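This report refers to the structure that appears directly beneath it.
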Amino acid sequence: MPFKPRNFLALFLPLSLLAAAPAAAPTDALRVSDNGRYLQTAAGKPFFWLGDTGWLLFNKLRREEAETYLEDRRRKGFNVIQVMVLHQVPAVNVYGDSALVRADVARPLVTKGSAPTDAAQYDFWDHVDYIVDLAAKKGLYMGLVPVWGTNVKGGEVNQQQAKAYATFLAERYKNRPNIIWLNGGDIAGSDSLKVWNVIGSTLKAVDPNHLVTYHPRGRTQSSDWFHNAKWLDFNMYQSGHRRYAQDTSRNEKKHYGEDNWRYQLVDNQLKPTKPSIDGEPSYEGIPQGLHDITQPRWTDADVRRYGYWSVFAGAFGYTYGQNSVMQMHSAFDKGSAYGSSELWSSALKAPGAAQMQYLKQLMLSRPFFERVPDQSLIAGGGGEKYERLFGTRGKNYAFVYTYTGRNIKVNLGKISGSKVKAAWYSPRDGKTTAIGTFPNKGTQEFNAPGEPKPGNDWVLVLDGV
């Protein structure tokens, strides 16, 4: 019979106590872990990537607004901000400063001096520097996309320009502690393949101390083109913004629908072993399918599901996005993309953004590097679509995620200990509800709190005793 506790008294994990905002952690150098699956700091501490897409941060926010945005994300537990350096060619920021001389990426427009109080000195690149350094003070890494992919595909960047521009960027930021390079930018690697390889190899050659990956177009992954590239340190996929019924294009090779975990399973099997992450799942508040703004919007429940599915399948972290925030929808905009009707400053409060920290806290609450995905924890099969269950474990602990709150039947004996202590962990608020202690053998069925339905998601936590 399913075991359902009578008393739902919530017990808080120490990591989820939010009485005070966490202090900013130093941005230590990052590297790939020894097992090739995760990231860690130079000191050997686990690094769980919790990213936010602030794509137009450099272009559209003033210094004081950047402070507001970065502080909000720091307080919510984010540690990586994904941002475009050049959204368009030519590019101009909120202060009216141009990034380039005559729209030539090989000729960044740099002035003498960098005083924020002097408009004649404070140029486009000084503004980028200011925000990068501000993020570092807050313990935030900057995932920098050098130039958005449509510009390269449109012929605005050739190989010679790419080398000169990538050299400029690498030289300028190689001594900053909080840089991660995201080559590409919502584009297939096969579009201008030579240019992307020039940018990637140049960044790595001039700046060997910072990690480099590739941000691909929707429903593709960097490993489709660059897994064996020497400049690529970890893989990134963009699972995209379509629901199951919308993912039917004949031009797409992969029809995974909302099953973002399938991209992760592909990368898990590749050699050499490299870490992998969903760098752009469906954004909270964006229309399903993107372009028809009459369609339903993705919710906080959806972004939680994408996060737990991909991480439990083996991802080393997760990137969140919110429709109005990612485009920094501002009062001066004449319009907006994807039906955004809310200003970025208000959209910071979207519920999913605050809930992402609980995924990070859970994964860091147990030994990090030993964790592996393990569907053998689940008796009777994992299920399909929204009913899919996902299991992951270390030596002395195991987690199983359900998006709908369906019954979970577990094969015990997969972790050490003669007994297991079971609890429910809520992805919505980080609270833990004790269940009980059981012999660590045979099978045991657990019934999550509440009635089964999409968004009643829970993690079953098992610890060996």
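The chains in the structure tokens are called A, B, ... from first to last as shown; in each chain the residues are counted from 1, and the ligands are counted from 1 in the order shown.
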
Report as a count of residues only all protein, DNA and RNA residues lying within 8 Å of Ala448 of chain A, evaluated on only C-alpha atoms, omitting residues in the same chain fewer than 6 positions from it.
7

Selection near Gly413 of chain A, 10 Å with only C-alpha atoms, sequence-local residues under 3 positions removed, as a PyMOL selection string:
chain A and resi 377+410+416-420+439-443+464

Pull C-alpha atoms from the residues just selected and write them as a short mmCIF file (atom, residue, chain, number, x, y, z; two decimals), in the first residue's frame.
```
data_model
loop_
_atom_site.label_atom_id
_atom_site.label_comp_id
_atom_site.auth_asym_id
_atom_site.auth_seq_id
_atom_site.Cartn_x
_atom_site.Cartn_y
_atom_site.Cartn_z
CA LEU A 377 15.53 3.47 -8.51
CA VAL A 410 11.00 2.73 -5.33
CA SER A 416 24.11 2.29 1.53
CA GLY A 417 22.60 1.70 4.95
CA SER A 418 20.41 -0.96 6.54
CA LYS A 419 17.55 1.54 6.63
CA VAL A 420 16.48 4.66 4.74
CA PRO A 439 14.22 -1.16 5.80
CA ASN A 440 16.57 -0.59 2.87
CA LYS A 441 15.40 -3.55 0.82
CA GLY A 442 12.58 -4.61 -1.46
CA THR A 443 10.16 -2.05 -2.87
CA GLY A 464 20.79 5.93 4.15
#
```

Which residues are close to Asp300 of chain A, i.e. within 10 Å by only C-alpha atoms, leaving aside same-chain residues fewer than 3 positions away? Reply as a ChimeraX atom specification.
/A:283-285,297,303-305,322,350-356,428,455

Write out, as a short mmCIF file (atom, residue, chain, number, x, y, z; two decimals), in the first residue's frame, the residues just selected, with N, CA and C atoms.
```cif
data_model
loop_
_atom_site.label_atom_id
_atom_site.label_comp_id
_atom_site.auth_asym_id
_atom_site.auth_seq_id
_atom_site.Cartn_x
_atom_site.Cartn_y
_atom_site.Cartn_z
N TYR A 283 10.82 29.79 -21.28
CA TYR A 283 10.87 30.89 -20.33
C TYR A 283 9.51 31.08 -19.64
N GLU A 284 9.57 31.42 -18.38
CA GLU A 284 8.35 31.77 -17.66
C GLU A 284 7.72 33.01 -18.30
N GLY A 285 6.42 32.94 -18.57
CA GLY A 285 5.70 34.09 -19.10
C GLY A 285 5.79 34.26 -20.60
N ARG A 297 0.77 30.81 -21.76
CA ARG A 297 2.14 31.16 -21.34
C ARG A 297 2.70 30.06 -20.42
N VAL A 303 8.78 25.81 -15.54
CA VAL A 303 10.23 26.02 -15.44
C VAL A 303 10.83 25.17 -14.32
N ARG A 304 10.05 24.87 -13.29
CA ARG A 304 10.54 23.92 -12.28
C ARG A 304 10.73 22.54 -12.91
N ARG A 305 9.73 22.11 -13.66
CA ARG A 305 9.79 20.78 -14.28
C ARG A 305 11.02 20.64 -15.18
N GLN A 322 12.90 34.49 -17.96
CA GLN A 322 11.57 35.11 -17.86
C GLN A 322 11.41 36.06 -19.04
N ALA A 350 8.49 37.37 -10.74
CA ALA A 350 7.82 36.16 -11.23
C ALA A 350 8.11 35.00 -10.28
N PRO A 351 7.12 34.21 -9.93
CA PRO A 351 7.31 33.19 -8.89
C PRO A 351 8.39 32.16 -9.21
N GLY A 352 8.52 31.80 -10.48
CA GLY A 352 9.52 30.79 -10.83
C GLY A 352 10.93 31.21 -10.50
N ALA A 353 11.24 32.50 -10.62
CA ALA A 353 12.59 32.98 -10.34
C ALA A 353 12.98 32.72 -8.89
N ALA A 354 12.04 32.92 -7.98
CA ALA A 354 12.32 32.71 -6.56
C ALA A 354 12.41 31.22 -6.22
N GLN A 355 11.77 30.38 -7.02
CA GLN A 355 11.72 28.95 -6.73
C GLN A 355 12.96 28.20 -7.21
N MET A 356 13.71 28.80 -8.12
CA MET A 356 14.88 28.10 -8.68
C MET A 356 15.94 27.79 -7.63
N ARG A 428 8.57 24.10 -4.58
CA ARG A 428 7.90 25.41 -4.56
C ARG A 428 8.41 26.31 -3.44
N GLY A 455 2.01 20.23 -11.84
CA GLY A 455 2.42 21.31 -10.95
C GLY A 455 2.41 20.96 -9.49
#
```

Long-range neighbours of Tyr38 of chain A as a PyMOL selection string, 6 Å cut-off, only C-alpha atoms, 2 positions minimum in chain
chain A and resi 32-33+275+316

From the list A:Lys385, A:Lys138, A:Lys414, A:Lys271, which residue is nearest Asp72 of chain A when using only C-alpha atoms?
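Ranked by minimum distance to Asp72 of chain A, first place goes to A:Lys138.
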
Would you mind listing what lies within 12 Å of Asp126 of chain A as JSON, numbers by chain, with only C-alpha atoms counted and same-chain residues fewer than 5 positions away left out?
{"A": [58, 63, 93, 95, 97, 98, 99, 108, 109, 110, 111, 112, 113, 114, 115, 116, 117, 118, 119, 120, 121, 131, 132, 133, 172, 173]}

Hey, can you spit out that residue selection with C-alpha atoms as a compact mmCIF listing (two decimals), in the first residue's frame?
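The resulting again_37.txt:
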```txt
# COMPACT_ATOMS: atom_id res chain seq x y z
CA PHE A 58 24.44 45.59 -21.33
CA ARG A 63 24.18 51.49 -13.92
CA ASN A 93 23.60 51.06 -25.41
CA TYR A 95 23.53 55.90 -22.95
CA ASP A 97 27.31 54.83 -26.88
CA SER A 98 28.22 52.79 -29.97
CA ALA A 99 30.15 49.55 -29.57
CA PRO A 108 35.57 48.17 -31.17
CA LEU A 109 35.00 51.86 -30.35
CA VAL A 110 37.15 52.52 -27.28
CA THR A 111 37.78 55.98 -25.79
CA LYS A 112 40.43 57.11 -23.34
CA GLY A 113 39.38 57.03 -19.70
CA SER A 114 36.48 55.26 -18.07
CA ALA A 115 34.97 57.66 -15.52
CA PRO A 116 31.21 56.99 -15.20
CA THR A 117 30.68 60.66 -14.38
CA ASP A 118 32.23 61.79 -17.66
CA ALA A 119 30.10 60.99 -20.72
CA ALA A 120 33.03 61.71 -23.03
CA GLN A 121 35.13 59.04 -21.33
CA ILE A 131 28.50 45.64 -14.97
CA VAL A 132 30.94 42.71 -15.15
CA ASP A 133 32.84 44.07 -12.14
CA ARG A 172 40.04 42.72 -22.19
CA TYR A 173 38.38 40.19 -19.90
```

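Across A:Gln361, A:Asn268, A:Ser310, A:Asn79, the tightest approach to Asp429 of chain A is made by A:Gln361 when counting only C-alpha atoms.
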
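The closest residue to Lys421 of chain A, picked from A:Glu171, A:Ala162, A:Asn396, A:Glu445 and counting only C-alpha atoms, is A:Asn396.
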
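The space between atom CA of Tyr401 of chain A and atom CA of Gln444 of chain A spans 15.4 Å.
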
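Distances from A:Pro454, A:Gly185, A:Gly335, A:Gly314 to Arg37 of chain A were compared using only C-alpha atoms, and the smallest one belongs to A:Gly314.
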
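Every protein or nucleic acid residue with an atom no more than 12 Å from Pro296 of chain A, counting only C-alpha atoms and leaving out same-chain residues fewer than 2 positions away, appears here: A:His241, A:Arg242, A:Arg243, A:Glu284, A:Gly285, A:Ile286, A:Pro287, A:Gln288, A:Gly289, A:Leu290, A:His291, A:Asp292, A:Ile293, A:Thr294, A:Trp298, A:Thr299, A:Asp302, A:Tyr338, A:Gly339.
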
For the residues in the current selection, export N, CA and C atoms as a CSV table (one decimal), in the first residue's frame.
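Result file selection.csv:
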```
chain,number,residue,atom,x,y,z
A,241,HIS,N,11.0,26.3,-26.7
A,241,HIS,CA,9.8,26.9,-26.1
A,241,HIS,C,8.5,26.2,-26.6
A,242,ARG,N,8.6,25.1,-27.3
A,242,ARG,CA,7.4,24.5,-27.8
A,242,ARG,C,6.9,23.4,-26.9
A,243,ARG,N,5.6,23.3,-26.9
A,243,ARG,CA,4.9,22.2,-26.1
A,243,ARG,C,4.9,21.0,-27.0
A,284,GLU,N,9.6,31.4,-18.4
A,284,GLU,CA,8.4,31.8,-17.7
A,284,GLU,C,7.7,33.0,-18.3
A,285,GLY,N,6.4,32.9,-18.6
A,285,GLY,CA,5.7,34.1,-19.1
A,285,GLY,C,5.8,34.3,-20.6
A,286,ILE,N,6.4,33.3,-21.3
A,286,ILE,CA,6.5,33.5,-22.8
A,286,ILE,C,5.5,32.6,-23.4
A,287,PRO,N,4.9,32.9,-24.6
A,287,PRO,CA,3.9,32.1,-25.2
A,287,PRO,C,4.5,30.7,-25.6
A,288,GLN,N,3.7,29.7,-25.4
A,288,GLN,CA,4.1,28.4,-25.9
A,288,GLN,C,4.2,28.4,-27.4
A,289,GLY,N,5.4,28.1,-27.9
A,289,GLY,CA,5.7,28.2,-29.3
A,289,GLY,C,6.3,29.5,-29.7
A,290,LEU,N,6.4,30.5,-28.8
A,290,LEU,CA,7.0,31.8,-29.0
A,290,LEU,C,6.2,32.8,-29.8
A,291,HIS,N,5.8,32.5,-31.0
A,291,HIS,CA,5.5,33.6,-31.9
A,291,HIS,C,4.0,34.0,-31.9
A,292,ASP,N,3.1,33.1,-31.5
A,292,ASP,CA,1.7,33.4,-31.4
A,292,ASP,C,1.4,33.8,-30.0
A,293,ILE,N,1.2,35.1,-29.8
A,293,ILE,CA,1.0,35.6,-28.5
A,293,ILE,C,-0.3,35.3,-27.9
A,294,THR,N,-1.2,34.7,-28.6
A,294,THR,CA,-2.5,34.3,-28.1
A,294,THR,C,-2.4,32.9,-27.4
A,298,TRP,N,4.0,29.9,-20.6
A,298,TRP,CA,4.7,28.9,-19.6
A,298,TRP,C,4.7,29.5,-18.2
A,299,THR,N,4.5,28.6,-17.2
A,299,THR,CA,4.4,29.1,-15.9
A,299,THR,C,5.5,28.7,-15.0
A,302,ASP,N,6.1,25.0,-15.0
A,302,ASP,CA,6.8,24.5,-16.1
A,302,ASP,C,8.3,24.6,-16.0
A,338,TYR,N,7.5,38.8,-28.2
A,338,TYR,CA,6.8,37.7,-27.7
A,338,TYR,C,5.7,38.1,-26.7
A,339,GLY,N,5.1,39.2,-27.0
A,339,GLY,CA,3.9,39.6,-26.2
A,339,GLY,C,4.2,40.0,-24.8
```

Could you list, as a ChimeraX atom specification, every residue within 7 Å of Ile180 of chain A, counting only C-alpha atoms and ignoring same-chain residues fewer than 3 positions away?
/A:141-144,210-212

From a backbone DSSP assignment, name each residue in segment 169-203 of chain A labelled strand (DSSP E or B), as a ChimeraX atom specification.
/A:179-184

Those in segment 279-454 of chain A with alpha helix (DSSP H) from DSSP, as a PyMOL selection string:
chain A and resi 300-312+323-326+344-347+351-364

Atomic distance atom CA of Ser276 of chain A - atom CA of Arg74 of chain A, expressed in Å with one decimal:
23.1 Å

Nearest to Leu182 of chain A: which of A:Trp344, A:Tyr256, A:Phe48, A:Trp55 is it, counting only C-alpha atoms?
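Ranked by minimum distance to Leu182 of chain A, first place goes to A:Trp55.
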
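Nearest to Asn151 of chain A of all the residues A:Thr213, A:Gln88, A:Thr404, A:Asn178 is A:Gln88, based on only C-alpha atoms.
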